[in-house]
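K.L.:
Take a look at target_20.pdb, PDB, C-alpha atoms and all ligand atoms:
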ATOM      1  CA  MET A 124      34.738 -37.779  77.276
ATOM      2  CA  THR A 125      37.994 -39.485  76.470
ATOM      3  CA  GLY A 126      37.474 -42.586  78.544
ATOM      4  CA  GLU A 127      40.638 -41.707  80.486
ATOM      5  CA  PRO A 128      40.415 -40.997  84.207
ATOM      6  CA  ARG A 129      40.768 -37.288  84.995
ATOM      7  CA  PRO A 130      44.063 -36.088  86.407
ATOM      8  CA  GLY A 131      44.157 -36.692  90.136
ATOM      9  CA  PHE A 132      41.316 -39.181  89.927
ATOM     10  CA  ARG A 133      42.334 -42.270  91.777
ATOM     11  CA  SER A 134      41.593 -45.194  89.545
ATOM     12  CA  GLU A 135      44.232 -47.816  88.963
ATOM     13  CA  ILE A 136      44.646 -51.191  87.437
ATOM     14  CA  VAL A 137      46.664 -52.868  90.126
ATOM     15  CA  GLU A 138      47.593 -56.204  91.509
ATOM     16  CA  GLY A 139      47.479 -55.062  95.112
ATOM     17  CA  PHE A 140      47.501 -51.842  96.984
ATOM     18  CA  GLY A 141      47.622 -50.203 100.378
ATOM     19  CA  GLY A 142      45.679 -47.087 101.148
ATOM     20  CA  GLY A 143      45.727 -43.387 101.644
ATOM     21  CA  ARG A 144      48.859 -41.651 100.358
ATOM     22  CA  GLU A 145      48.192 -38.638  98.165
ATOM     23  CA  ASP A 146      50.324 -37.457  95.228
ATOM     24  CA  ASP A 147      51.780 -34.650  97.342
ATOM     25  CA  GLY A 148      52.884 -37.107 100.009
ATOM     26  CA  SER A 149      50.179 -36.171 102.508
ATOM     27  CA  PHE A 150      48.124 -38.933 104.038
ATOM     28  CA  ASP A 151      44.380 -39.118 103.705
ATOM     29  CA  ALA A 152      43.151 -41.495 106.370
ATOM     30  CA  THR A 153      39.795 -41.865 104.645
ATOM     31  CA  ALA A 154      41.236 -42.863 101.279
ATOM     32  CA  ARG A 155      41.740 -46.502 100.425
ATOM     33  CA  ILE A 156      43.270 -46.351  96.998
ATOM     34  CA  VAL A 157      46.870 -45.374  96.470
ATOM     35  CA  ASP A 158      49.848 -45.915  94.310
ATOM     36  CA  PRO A 159      50.322 -49.618  93.847
ATOM     37  CA  GLY A 160      54.042 -49.093  94.379
ATOM     38  CA  GLY A 161      53.405 -48.863  98.128
ATOM     39  CA  ALA A 162      55.880 -46.229  99.300
ATOM     40  CA  ASP A 163      55.080 -47.006 102.906
ATOM     41  CA  ASP A 164      56.881 -50.117 104.148
ATOM     42  CA  GLU A 165      54.171 -51.273 106.520
ATOM     43  CA  ARG A 166      51.513 -50.944 103.862
ATOM     44  CA  ALA A 167      53.692 -52.747 101.369
ATOM     45  CA  VAL A 168      54.029 -55.622 103.832
ATOM     46  CA  GLU A 169      50.264 -55.659 104.346
ATOM     47  CA  VAL A 170      49.775 -55.963 100.603
ATOM     48  CA  ALA A 171      52.406 -58.700 100.394
ATOM     49  CA  LEU A 172      50.545 -60.682 103.052
ATOM     50  CA  ARG A 173      47.238 -60.674 101.189
ATOM     51  CA  PRO A 174      46.140 -64.131 100.075
ATOM     52  CA  ARG A 175      45.906 -64.191  96.270
ATOM     53  CA  ARG A 176      43.513 -67.090  95.807
ATOM     54  CA  LEU A 177      40.378 -68.360  97.539
ATOM     55  CA  SER A 178      42.190 -71.580  98.419
ATOM     56  CA  GLU A 179      44.799 -69.567 100.396
ATOM     57  CA  PHE A 180      42.164 -67.531 102.245
ATOM     58  CA  PRO A 181      41.708 -68.844 105.796
ATOM     59  CA  GLY A 182      38.473 -68.169 107.645
ATOM     60  CA  GLN A 183      35.041 -66.940 106.539
ATOM     61  CA  PRO A 184      34.140 -70.445 105.297
ATOM     62  CA  ARG A 185      30.584 -69.528 104.363
ATOM     63  CA  VAL A 186      31.454 -66.480 102.281
ATOM     64  CA  ARG A 187      34.385 -68.343 100.745
ATOM     65  CA  ASP A 188      32.230 -71.309  99.687
ATOM     66  CA  GLN A 189      29.423 -69.117  98.385
ATOM     67  CA  LEU A 190      31.776 -66.874  96.450
ATOM     68  CA  GLY A 191      33.677 -69.882  95.128
ATOM     69  CA  LEU A 192      30.448 -71.323  93.757
ATOM     70  CA  VAL A 193      29.364 -68.050  92.120
ATOM     71  CA  LEU A 194      32.760 -67.653  90.424
ATOM     72  CA  GLU A 195      33.094 -71.272  89.335
ATOM     73  CA  ALA A 196      29.583 -71.329  87.852
ATOM     74  CA  ALA A 197      30.292 -68.142  85.880
ATOM     75  CA  ARG A 198      33.601 -69.560  84.695
ATOM     76  CA  ARG A 199      31.913 -72.739  83.422
ATOM     77  CA  ARG A 200      29.225 -70.729  81.651
ATOM     78  CA  GLY A 201      31.894 -68.512  80.137
ATOM     79  CA  SER A 202      29.990 -65.445  81.338
ATOM     80  CA  VAL A 203      30.644 -62.708  83.860
ATOM     81  CA  PRO A 204      29.456 -63.461  87.414
ATOM     82  CA  ASP A 205      26.779 -61.490  89.218
ATOM     83  CA  HIS A 206      27.852 -58.310  90.947
ATOM     84  CA  VAL A 207      29.310 -58.959  94.403
ATOM     85  CA  LEU A 208      28.857 -56.869  97.547
ATOM     86  CA  LEU A 209      31.234 -57.443 100.464
ATOM     87  CA  SER A 210      30.366 -55.917 103.803
ATOM     88  CA  GLY A 211      31.854 -56.029 107.274
ATOM     89  CA  PRO A 212      34.153 -54.234 109.694
ATOM     90  CA  PRO A 213      37.602 -52.909 108.651
ATOM     91  CA  GLY A 214      40.530 -55.273 108.237
ATOM     92  CA  LEU A 215      38.565 -58.497 107.716
ATOM     93  CA  GLY A 216      39.448 -59.053 104.065
ATOM     94  CA  LYS A 217      36.989 -57.202 101.801
ATOM     95  CA  THR A 218      39.689 -55.691  99.598
ATOM     96  CA  THR A 219      41.583 -58.969  99.672
ATOM     97  CA  LEU A 220      38.512 -60.835  98.424
ATOM     98  CA  ALA A 221      37.891 -58.269  95.690
ATOM     99  CA  MET A 222      41.423 -58.895  94.400
ATOM    100  CA  ILE A 223      40.792 -62.629  94.654
ATOM    101  CA  VAL A 224      37.612 -62.357  92.552
ATOM    102  CA  ALA A 225      39.647 -60.871  89.702
ATOM    103  CA  ALA A 226      42.452 -63.405  90.174
ATOM    104  CA  GLU A 227      40.052 -66.374  90.153
ATOM    105  CA  LEU A 228      38.340 -65.054  87.031
ATOM    106  CA  GLU A 229      41.736 -64.255  85.520
ATOM    107  CA  ARG A 230      40.453 -60.813  84.636
ATOM    108  CA  PRO A 231      41.941 -57.355  85.161
ATOM    109  CA  ILE A 232      40.658 -55.291  88.061
ATOM    110  CA  ARG A 233      39.949 -51.576  88.106
ATOM    111  CA  VAL A 234      40.059 -50.022  91.537
ATOM    112  CA  THR A 235      38.328 -46.899  92.716
ATOM    113  CA  SER A 236      36.321 -45.784  95.721
ATOM    114  CA  GLY A 237      33.141 -43.978  96.694
ATOM    115  CA  PRO A 238      34.887 -40.801  97.892
ATOM    116  CA  ALA A 239      36.708 -40.537  94.536
ATOM    117  CA  ILE A 240      33.379 -40.590  92.683
ATOM    118  CA  GLN A 241      31.702 -37.348  93.553
ATOM    119  CA  HIS A 242      30.187 -36.663  90.145
ATOM    120  CA  ALA A 243      28.392 -38.907  87.686
ATOM    121  CA  GLY A 244      31.096 -37.909  85.177
ATOM    122  CA  ASP A 245      33.762 -39.521  87.377
ATOM    123  CA  LEU A 246      31.917 -42.815  87.180
ATOM    124  CA  ALA A 247      31.110 -42.399  83.477
ATOM    125  CA  SER A 248      34.790 -42.047  82.676
ATOM    126  CA  VAL A 249      35.618 -45.247  84.557
ATOM    127  CA  LEU A 250      32.695 -47.211  83.095
ATOM    128  CA  SER A 251      33.319 -46.136  79.528
ATOM    129  CA  SER A 252      36.884 -47.422  79.644
ATOM    130  CA  LEU A 253      36.109 -50.886  81.061
ATOM    131  CA  VAL A 254      37.020 -53.891  78.975
ATOM    132  CA  GLU A 255      34.881 -57.020  78.678
ATOM    133  CA  GLY A 256      34.845 -59.139  81.830
ATOM    134  CA  GLU A 257      36.783 -56.585  83.854
ATOM    135  CA  VAL A 258      36.200 -56.413  87.616
ATOM    136  CA  LEU A 259      35.347 -52.936  88.859
ATOM    137  CA  PHE A 260      36.182 -52.685  92.556
ATOM    138  CA  LEU A 261      34.265 -49.891  94.262
ATOM    139  CA  ASP A 262      35.629 -49.544  97.781
ATOM    140  CA  GLU A 263      33.606 -47.621 100.376
ATOM    141  CA  ILE A 264      30.718 -47.760  97.947
ATOM    142  CA  HIS A 265      28.368 -46.165 100.514
ATOM    143  CA  ARG A 266      30.278 -42.896 100.070
ATOM    144  CA  MET A 267      29.482 -42.434  96.402
ATOM    145  CA  SER A 268      27.392 -39.412  95.375
ATOM    146  CA  ARG A 269      23.686 -39.886  94.708
ATOM    147  CA  THR A 270      23.952 -38.975  91.016
ATOM    148  CA  ALA A 271      26.767 -41.470  90.512
ATOM    149  CA  GLU A 272      24.725 -44.106  92.339
ATOM    150  CA  GLU A 273      21.857 -43.642  89.908
ATOM    151  CA  MET A 274      24.191 -44.033  86.961
ATOM    152  CA  LEU A 275      25.608 -47.164  88.547
ATOM    153  CA  TYR A 276      22.158 -48.848  88.867
ATOM    154  CA  LEU A 277      21.634 -48.596  85.118
ATOM    155  CA  ALA A 278      25.156 -49.684  84.298
ATOM    156  CA  MET A 279      24.936 -52.722  86.589
ATOM    157  CA  GLU A 280      21.557 -53.814  85.281
ATOM    158  CA  ASP A 281      21.646 -53.013  81.579
ATOM    159  CA  PHE A 282      25.374 -52.497  80.900
ATOM    160  CA  ARG A 283      24.566 -49.064  79.573
ATOM    161  CA  VAL A 284      25.194 -45.459  80.619
ATOM    162  CA  ASP A 285      23.649 -42.249  79.422
ATOM    163  CA  ILE A 286      26.316 -39.669  78.784
ATOM    164  CA  ILE A 287      24.866 -36.184  79.151
ATOM    165  CA  VAL A 288      26.208 -33.736  76.605
ATOM    166  CA  GLY A 289      25.600 -30.022  77.063
ATOM    167  CA  LYS A 290      23.779 -28.164  79.810
ATOM    168  CA  GLY A 291      20.275 -26.885  80.571
ATOM    169  CA  PRO A 292      17.368 -27.359  78.154
ATOM    170  CA  GLY A 293      19.726 -28.187  75.270
ATOM    171  CA  ALA A 294      21.353 -31.120  77.110
ATOM    172  CA  THR A 295      21.025 -34.488  75.412
ATOM    173  CA  ALA A 296      21.599 -37.982  76.751
ATOM    174  CA  ILE A 297      23.693 -40.199  74.503
ATOM    175  CA  PRO A 298      23.312 -43.865  75.427
ATOM    176  CA  LEU A 299      26.565 -45.796  75.525
ATOM    177  CA  GLU A 300      26.618 -49.601  75.540
ATOM    178  CA  LEU A 301      29.127 -51.139  77.958
ATOM    179  CA  PRO A 302      30.790 -54.527  77.740
ATOM    180  CA  PRO A 303      29.675 -56.980  80.468
ATOM    181  CA  PHE A 304      31.667 -56.451  83.653
ATOM    182  CA  THR A 305      31.415 -57.315  87.353
ATOM    183  CA  VAL A 306      31.124 -54.771  90.120
ATOM    184  CA  VAL A 307      32.644 -55.785  93.446
ATOM    185  CA  GLY A 308      31.484 -53.283  96.047
ATOM    186  CA  ALA A 309      32.940 -53.107  99.543
ATOM    187  CA  THR A 310      31.439 -51.337 102.510
ATOM    188  CA  THR A 311      31.840 -51.172 106.258
ATOM    189  CA  ARG A 312      28.323 -49.699 106.409
ATOM    190  CA  ALA A 313      25.969 -51.878 104.364
ATOM    191  CA  GLY A 314      23.019 -50.243 106.145
ATOM    192  CA  LEU A 315      23.854 -46.920 104.482
ATOM    193  CA  LEU A 316      23.450 -48.314 100.976
ATOM    194  CA  PRO A 317      20.149 -47.383  99.378
ATOM    195  CA  ALA A 318      17.963 -50.457  98.756
ATOM    196  CA  PRO A 319      17.919 -50.079  94.945
ATOM    197  CA  LEU A 320      21.714 -50.234  94.876
ATOM    198  CA  ARG A 321      21.865 -53.159  97.313
ATOM    199  CA  ASP A 322      19.350 -55.040  95.155
ATOM    200  CA  ARG A 323      21.591 -54.810  92.083
ATOM    201  CA  PHE A 324      24.133 -57.129  93.721
ATOM    202  CA  GLY A 325      23.423 -60.779  92.959
ATOM    203  CA  PHE A 326      25.610 -61.942  95.825
ATOM    204  CA  THR A 327      26.254 -60.296  99.180
ATOM    205  CA  GLY A 328      28.919 -61.670 101.484
ATOM    206  CA  HIS A 329      29.028 -60.434 105.048
ATOM    207  CA  LEU A 330      32.407 -60.870 106.723
ATOM    208  CA  ASP A 331      32.425 -61.472 110.450
ATOM    209  CA  PHE A 332      35.201 -61.401 113.045
ATOM    210  CA  TYR A 333      37.559 -64.395 112.817
ATOM    211  CA  ASP A 334      37.921 -67.009 115.504
ATOM    212  CA  VAL A 335      41.308 -67.612 117.126
ATOM    213  CA  ALA A 336      42.014 -70.795 115.140
ATOM    214  CA  ASP A 337      41.584 -68.949 111.821
ATOM    215  CA  LEU A 338      43.760 -66.075 113.020
ATOM    216  CA  GLU A 339      46.420 -68.598 113.987
ATOM    217  CA  ALA A 340      46.301 -70.071 110.490
ATOM    218  CA  ILE A 341      46.690 -66.547 109.078
ATOM    219  CA  LEU A 342      49.645 -65.865 111.376
ATOM    220  CA  VAL A 343      51.358 -69.138 110.446
ATOM    221  CA  ARG A 344      51.070 -68.159 106.809
ATOM    222  CA  SER A 345      52.258 -64.570 107.459
ATOM    223  CA  ALA A 346      55.209 -65.768 109.552
ATOM    224  CA  GLY A 347      56.214 -68.020 106.653
ATOM    225  CA  LEU A 348      55.973 -65.180 104.142
ATOM    226  CA  LEU A 349      58.031 -62.928 106.440
ATOM    227  CA  ALA A 350      60.579 -65.761 106.850
ATOM    228  CA  LEU A 351      60.154 -65.733 110.644
ATOM    229  CA  THR A 352      60.792 -68.599 113.008
ATOM    230  CA  ALA A 353      57.802 -68.583 115.334
ATOM    231  CA  ASP A 354      56.651 -70.804 118.193
ATOM    232  CA  ASP A 355      53.072 -72.037 117.970
ATOM    233  CA  GLU A 356      52.235 -70.694 121.448
ATOM    234  CA  ALA A 357      53.497 -67.244 120.462
ATOM    235  CA  LEU A 358      51.179 -67.187 117.465
ATOM    236  CA  THR A 359      48.292 -68.407 119.627
ATOM    237  CA  GLU A 360      49.002 -65.551 122.062
ATOM    238  CA  ILE A 361      49.010 -62.986 119.240
ATOM    239  CA  ALA A 362      45.871 -64.477 117.669
ATOM    240  CA  GLY A 363      44.048 -64.198 120.992
ATOM    241  CA  ARG A 364      44.822 -60.489 121.240
ATOM    242  CA  SER A 365      43.878 -59.565 117.670
ATOM    243  CA  ARG A 366      40.212 -58.799 118.221
ATOM    244  CA  GLY A 367      39.129 -61.192 115.498
ATOM    245  CA  THR A 368      40.821 -59.057 112.832
ATOM    246  CA  PRO A 369      43.552 -60.293 110.440
ATOM    247  CA  ARG A 370      44.934 -56.798 109.853
ATOM    248  CA  ILE A 371      45.528 -56.399 113.587
ATOM    249  CA  ALA A 372      46.966 -59.924 113.843
ATOM    250  CA  ASN A 373      49.491 -59.161 111.099
ATOM    251  CA  ARG A 374      50.416 -55.834 112.670
ATOM    252  CA  LEU A 375      50.924 -57.388 116.080
ATOM    253  CA  LEU A 376      53.071 -60.089 114.503
ATOM    254  CA  ARG A 377      55.302 -57.400 112.989
ATOM    255  CA  ARG A 378      55.650 -55.632 116.360
ATOM    256  CA  VAL A 379      56.530 -58.921 118.052
ATOM    257  CA  ARG A 380      59.057 -59.577 115.278
ATOM    258  CA  ASP A 381      60.560 -56.123 115.959
ATOM    259  CA  TRP A 382      60.847 -56.941 119.660
ATOM    260  CA  ALA A 383      62.373 -60.347 118.970
ATOM    261  CA  GLN A 384      64.922 -58.862 116.574
ATOM    262  CA  VAL A 385      65.968 -56.129 119.020
ATOM    263  CA  HIS A 386      65.892 -58.087 122.287
ATOM    264  CA  GLY A 387      66.413 -61.669 121.181
ATOM    265  CA  ASP A 388      67.706 -63.743 118.302
ATOM    266  CA  GLY A 389      64.746 -62.916 116.095
ATOM    267  CA  THR A 390      62.696 -65.968 117.026
ATOM    268  CA  VAL A 391      59.071 -65.159 117.755
ATOM    269  CA  THR A 392      58.691 -66.801 121.155
ATOM    270  CA  CYS A 393      55.903 -66.628 123.682
ATOM    271  CA  ASP A 394      58.029 -64.356 125.891
ATOM    272  CA  ALA A 395      58.699 -62.022 122.977
ATOM    273  CA  ALA A 396      54.988 -61.939 122.179
ATOM    274  CA  ARG A 397      54.013 -61.130 125.776
ATOM    275  CA  ALA A 398      56.705 -58.459 126.142
ATOM    276  CA  ALA A 399      55.883 -56.763 122.827
ATOM    277  CA  LEU A 400      52.151 -56.850 123.446
ATOM    278  CA  ALA A 401      52.679 -55.391 126.922
ATOM    279  CA  LEU A 402      54.890 -52.657 125.439
ATOM    280  CA  PHE A 403      52.129 -51.653 123.047
ATOM    281  CA  ASP A 404      49.477 -51.992 125.768
ATOM    282  CA  VAL A 405      47.608 -54.531 123.703
ATOM    283  CA  GLY A 406      45.073 -56.273 125.854
ATOM    284  CA  LEU A 407      44.655 -53.416 128.343
ATOM    285  CA  VAL A 408      41.090 -52.994 127.231
ATOM    286  CA  ALA A 409      40.669 -56.668 126.442
ATOM    287  CA  LEU A 410      37.315 -56.715 128.164
ATOM    288  CA  GLY A 411      36.069 -53.657 126.312
ATOM    289  CA  ASP A 412      34.186 -53.849 123.083
ATOM    290  CA  ARG A 413      35.960 -54.804 119.893
ATOM    291  CA  ALA A 414      35.627 -51.429 118.211
ATOM    292  CA  LEU A 415      37.227 -49.602 121.115
ATOM    293  CA  THR A 416      40.067 -52.079 121.333
ATOM    294  CA  THR A 417      40.613 -51.927 117.594
ATOM    295  CA  ASP A 418      40.813 -48.135 117.808
ATOM    296  CA  VAL A 419      43.394 -48.303 120.551
ATOM    297  CA  VAL A 420      45.520 -50.753 118.608
ATOM    298  CA  GLU A 421      45.227 -48.791 115.357
ATOM    299  CA  ASN A 422      45.895 -45.413 116.976
ATOM    300  CA  ARG A 423      48.971 -46.673 118.684
ATOM    301  CA  GLY A 424      50.171 -47.914 115.327
ATOM    302  CA  ALA A 425      50.652 -51.408 116.637
TER     303      ALA A 425
HETATM  304  N1  LIG B   1      41.463 -64.242 105.404
HETATM  305  C1  LIG B   1      42.650 -63.620 105.448
HETATM  306  N2  LIG B   1      43.784 -64.335 105.442
HETATM  307  C2  LIG B   1      44.987 -63.749 105.535
HETATM  308  N3  LIG B   1      45.171 -62.427 105.624
HETATM  309  C3  LIG B   1      44.084 -61.655 105.628
HETATM  310  C4  LIG B   1      42.773 -62.205 105.528
HETATM  311  N4  LIG B   1      41.890 -61.193 105.543
HETATM  312  C5  LIG B   1      42.620 -60.067 105.656
HETATM  313  N5  LIG B   1      43.935 -60.353 105.704
HETATM  314  C6  LIG B   1      45.056 -59.404 105.910
HETATM  315  O1  LIG B   1      44.523 -58.248 106.528
HETATM  316  C7  LIG B   1      44.821 -57.096 105.745
HETATM  317  C8  LIG B   1      43.573 -56.272 105.681
HETATM  318  O2  LIG B   1      42.633 -56.891 104.831
HETATM  319  P1  LIG B   1      41.767 -56.052 103.795
HETATM  320  O3  LIG B   1      42.529 -54.851 103.339
HETATM  321  O4  LIG B   1      41.285 -56.991 102.752
HETATM  322  O5  LIG B   1      40.568 -55.616 104.751
HETATM  323  P2  LIG B   1      39.294 -54.746 104.415
HETATM  324  O6  LIG B   1      38.108 -55.527 104.884
HETATM  325  O7  LIG B   1      39.330 -54.321 102.987
HETATM  326  O8  LIG B   1      39.496 -53.492 105.383
HETATM  327  P3  LIG B   1      39.014 -51.963 105.199
HETATM  328  O9  LIG B   1      37.536 -51.947 105.525
HETATM  329  O10 LIG B   1      39.824 -51.214 106.202
HETATM  330  O11 LIG B   1      39.316 -51.565 103.788
HETATM  331  C9  LIG B   1      45.293 -57.609 104.384
HETATM  332  O12 LIG B   1      46.353 -56.846 103.899
HETATM  333  C10 LIG B   1      45.744 -59.007 104.630
HETATM  334  O13 LIG B   1      47.142 -59.009 104.847
HETATM  335 MG    MG B   2      39.589 -52.487 102.103
END
Transcribe the structure of this file into structure tokens.
Ligand SMILES: Nc1ncnc2c1ncn2[C@@H]1O[C@H](COP(=O)(O)OP(=O)(O)OP(=O)(O)O)[C@@H](O)[C@H]1O
Ligand SMILES: [Mg+2]

P.N.:
Amino acid sequence: MTGEPRPGFRSEIVEGFGGGREDDGSFDATARIVDPGGADDERAVEVALRPRRLSEFPGQPRVRDQLGLVLEAARRRGSVPDHVLLSGPPGLGKTTLAMIVAAELERPIRVTSGPAIQHAGDLASVLSSLVEGEVLFLDEIHRMSRTAEEMLYLAMEDFRVDIIVGKGPGATAIPLELPPFTVVGATTRAGLLPAPLRDRFGFTGHLDFYDVADLEAILVRSAGLLALTADDEALTEIAGRSRGTPRIANRLLRRVRDWAQVHGDGTVTCDAARAALALFDVGLVALGDRALTTDVVENRGA
């Protein structure tokens, strides 16, 4: 046990990241953690559009206020906050909030994900290299292996892991004390988490779909960051077609920008929005359920 992540093990200290590109250039749609460099332009833009602080995070007022309180109280006590679980559908801001937790605490963040932790040893190597107060972001936490989960309970509760040395009857467990740290877990499937693991989180925030006004606020901010000139009605149109999801709103904004740059003077107008959204068939299944519509939008790469 060197405390270093194994080769190929995706664990990074990053400021922001996209998701899914492997070392060999292939794309793993199930992976969330990738090189922080962001080779893919679209993903790099997505990262650039992430709010960095709670005060810049529109929407989810309840979760934002609750999380703000938990973090501020910990800061005043000079201790690490309780472990935080963030649940909710894709694209609503779980990863963004995890990054914000670290930023608000002014602590480093270590990023890994359930699928990357298939053995208890994978988790042990991450845990044993944490520094005091560090935020450990476990994305897709419901996909961690059972043995790793059991190790995580102990680590979260007692800040301790048992490192098993040797095999069979001669194996011994060497207890290793860990510095206090905060786990931020994210999951789209909170129901799949075993109760003992769920219970170890002192705060659970459930993210829900955004209303149109919040999506508009997000789009105004994104348009500013992308240096776009945009009409209010155009942003309202895009917000209304985004299925309550900021990731979709930002993607649609970029497609409308593309249309406006090719067919107009680059200004995001209502006409540009309608034409671009029609081109990408956004809204065709507007009366269908959100998940279906989201799939259509995502699969068409809009
Ligand atoms: N409240 C918000 N304000 C502004 N932008 C947001 C907000 N929430 C999410 N976004 C944007 O949407 C993108 C997707 O958010 P994020 O990656 O945090 O979602 P997620 O819940 O982690 O999704 P997944 O389950 O797919 O991992 C971000 O890159 C960010 O640009
Ligand atoms: Mg995420």

K.L.:
Report, in Å to a single decimal, how far apart atom CA of A:Ser178 and atom CA of A:Arg312 are.

P.N.:
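Atom-to-atom, atom CA of A:Arg312 to atom CA of A:Ser178, that is 27.1 Å.
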
K.L.:
Check every protein, DNA and RNA residue against ligand MG 2 (chain B), keep those with an atom at most 8 Å away (counting all atoms listed in the file), and present them as a PyMOL selection string.

P.N.:
chain A and resi 155+213-214+216-219+262-263+309

K.L.:
Within 9 Å of ligand LIG 1 (chain B), counting all atoms listed in the file: which residues, as an mmCIF file with C-alpha atoms, keeping the file's coordinate frame?

P.N.:
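Final output, out33.cif:
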data_model
loop_
_atom_site.group_PDB
_atom_site.id
_atom_site.type_symbol
_atom_site.label_atom_id
_atom_site.label_comp_id
_atom_site.auth_asym_id
_atom_site.auth_seq_id
_atom_site.Cartn_x
_atom_site.Cartn_y
_atom_site.Cartn_z
ATOM 1 C CA PHE A 140 47.501 -51.842 96.984
ATOM 2 C CA GLY A 141 47.622 -50.203 100.378
ATOM 3 C CA GLY A 142 45.679 -47.087 101.148
ATOM 4 C CA ARG A 155 41.740 -46.502 100.425
ATOM 5 C CA ARG A 166 51.513 -50.944 103.862
ATOM 6 C CA ALA A 167 53.692 -52.747 101.369
ATOM 7 C CA VAL A 168 54.029 -55.622 103.832
ATOM 8 C CA GLU A 169 50.264 -55.659 104.346
ATOM 9 C CA VAL A 170 49.775 -55.963 100.603
ATOM 10 C CA ALA A 171 52.406 -58.700 100.394
ATOM 11 C CA LEU A 172 50.545 -60.682 103.052
ATOM 12 C CA ARG A 173 47.238 -60.674 101.189
ATOM 13 C CA PRO A 174 46.140 -64.131 100.075
ATOM 14 C CA LEU A 177 40.378 -68.360 97.539
ATOM 15 C CA GLU A 179 44.799 -69.567 100.396
ATOM 16 C CA PHE A 180 42.164 -67.531 102.245
ATOM 17 C CA PRO A 181 41.708 -68.844 105.796
ATOM 18 C CA GLY A 182 38.473 -68.169 107.645
ATOM 19 C CA GLN A 183 35.041 -66.940 106.539
ATOM 20 C CA LEU A 209 31.234 -57.443 100.464
ATOM 21 C CA SER A 210 30.366 -55.917 103.803
ATOM 22 C CA GLY A 211 31.854 -56.029 107.274
ATOM 23 C CA PRO A 212 34.153 -54.234 109.694
ATOM 24 C CA PRO A 213 37.602 -52.909 108.651
ATOM 25 C CA GLY A 214 40.530 -55.273 108.237
ATOM 26 C CA LEU A 215 38.565 -58.497 107.716
ATOM 27 C CA GLY A 216 39.448 -59.053 104.065
ATOM 28 C CA LYS A 217 36.989 -57.202 101.801
ATOM 29 C CA THR A 218 39.689 -55.691 99.598
ATOM 30 C CA THR A 219 41.583 -58.969 99.672
ATOM 31 C CA LEU A 220 38.512 -60.835 98.424
ATOM 32 C CA ALA A 221 37.891 -58.269 95.690
ATOM 33 C CA MET A 222 41.423 -58.895 94.400
ATOM 34 C CA ASP A 262 35.629 -49.544 97.781
ATOM 35 C CA GLU A 263 33.606 -47.621 100.376
ATOM 36 C CA ALA A 309 32.940 -53.107 99.543
ATOM 37 C CA THR A 310 31.439 -51.337 102.510
ATOM 38 C CA THR A 311 31.840 -51.172 106.258
ATOM 39 C CA LEU A 330 32.407 -60.870 106.723
ATOM 40 C CA TYR A 333 37.559 -64.395 112.817
ATOM 41 C CA ASP A 337 41.584 -68.949 111.821
ATOM 42 C CA LEU A 338 43.760 -66.075 113.020
ATOM 43 C CA ALA A 340 46.301 -70.071 110.490
ATOM 44 C CA ILE A 341 46.690 -66.547 109.078
ATOM 45 C CA LEU A 342 49.645 -65.865 111.376
ATOM 46 C CA ARG A 344 51.070 -68.159 106.809
ATOM 47 C CA SER A 345 52.258 -64.570 107.459
ATOM 48 C CA THR A 368 40.821 -59.057 112.832
ATOM 49 C CA PRO A 369 43.552 -60.293 110.440
ATOM 50 C CA ARG A 370 44.934 -56.798 109.853
ATOM 51 C CA ILE A 371 45.528 -56.399 113.587
ATOM 52 C CA ALA A 372 46.966 -59.924 113.843
ATOM 53 C CA ASN A 373 49.491 -59.161 111.099
ATOM 54 C CA ARG A 374 50.416 -55.834 112.670
#

K.L.:
Compare A:Val203, A:Thr305, A:Thr352, A:Phe324 by their minimum atom-to-atom distance to A:Asp388, counting all atoms listed in the file, and give me the closest one.

P.N.:
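Checking each of A:Val203, A:Thr305, A:Thr352, A:Phe324 against A:Asp388, counting all atoms listed in the file, the winner is A:Thr352.
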
K.L.:
Would you pick out the contacts of A:Val335 at 10 Å or less, using all atoms listed in the file, so that residues sharing its chain but fewer than 5 positions from it are not included, and give the list as a PDB file with C-alpha atoms, keeping the file's coordinate frame?

P.N.:
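The result, stored in out.pdb:
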ATOM      1  CA  GLY A 182      38.473 -68.169 107.645  1.00  0.00           C
ATOM      2  CA  ALA A 340      46.301 -70.071 110.490  1.00  0.00           C
ATOM      3  CA  ILE A 341      46.690 -66.547 109.078  1.00  0.00           C
ATOM      4  CA  LEU A 358      51.179 -67.187 117.465  1.00  0.00           C
ATOM      5  CA  THR A 359      48.292 -68.407 119.627  1.00  0.00           C
ATOM      6  CA  GLU A 360      49.002 -65.551 122.062  1.00  0.00           C
ATOM      7  CA  ILE A 361      49.010 -62.986 119.240  1.00  0.00           C
ATOM      8  CA  ALA A 362      45.871 -64.477 117.669  1.00  0.00           C
ATOM      9  CA  GLY A 363      44.048 -64.198 120.992  1.00  0.00           C
ATOM     10  CA  ARG A 364      44.822 -60.489 121.240  1.00  0.00           C
ATOM     11  CA  SER A 365      43.878 -59.565 117.670  1.00  0.00           C
ATOM     12  CA  ARG A 366      40.212 -58.799 118.221  1.00  0.00           C
ATOM     13  CA  GLY A 367      39.129 -61.192 115.498  1.00  0.00           C
ATOM     14  CA  THR A 368      40.821 -59.057 112.832  1.00  0.00           C
TER      15      THR A 368
END

K.L.:
Point out the residue among A:Asp188, A:Asp205, A:Asp355, A:Glu227 with the least atom-to-atom distance to A:Arg175, counting all atoms listed in the file.

P.N.:
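Closest candidate: A:Glu227.
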
K.L.:
Take atom CA of A:Asp331 and atom CA of A:Arg269 and report the distance between them in Å, one decimal.

P.N.:
28.1 Å

K.L.:
Run the PyMOL selection byres (((chain A and resi 296) around 7) and not hetatm) on the file and write out the hits as a ChimeraX atom specification.

P.N.:
/A:285-288,294-295,297-298
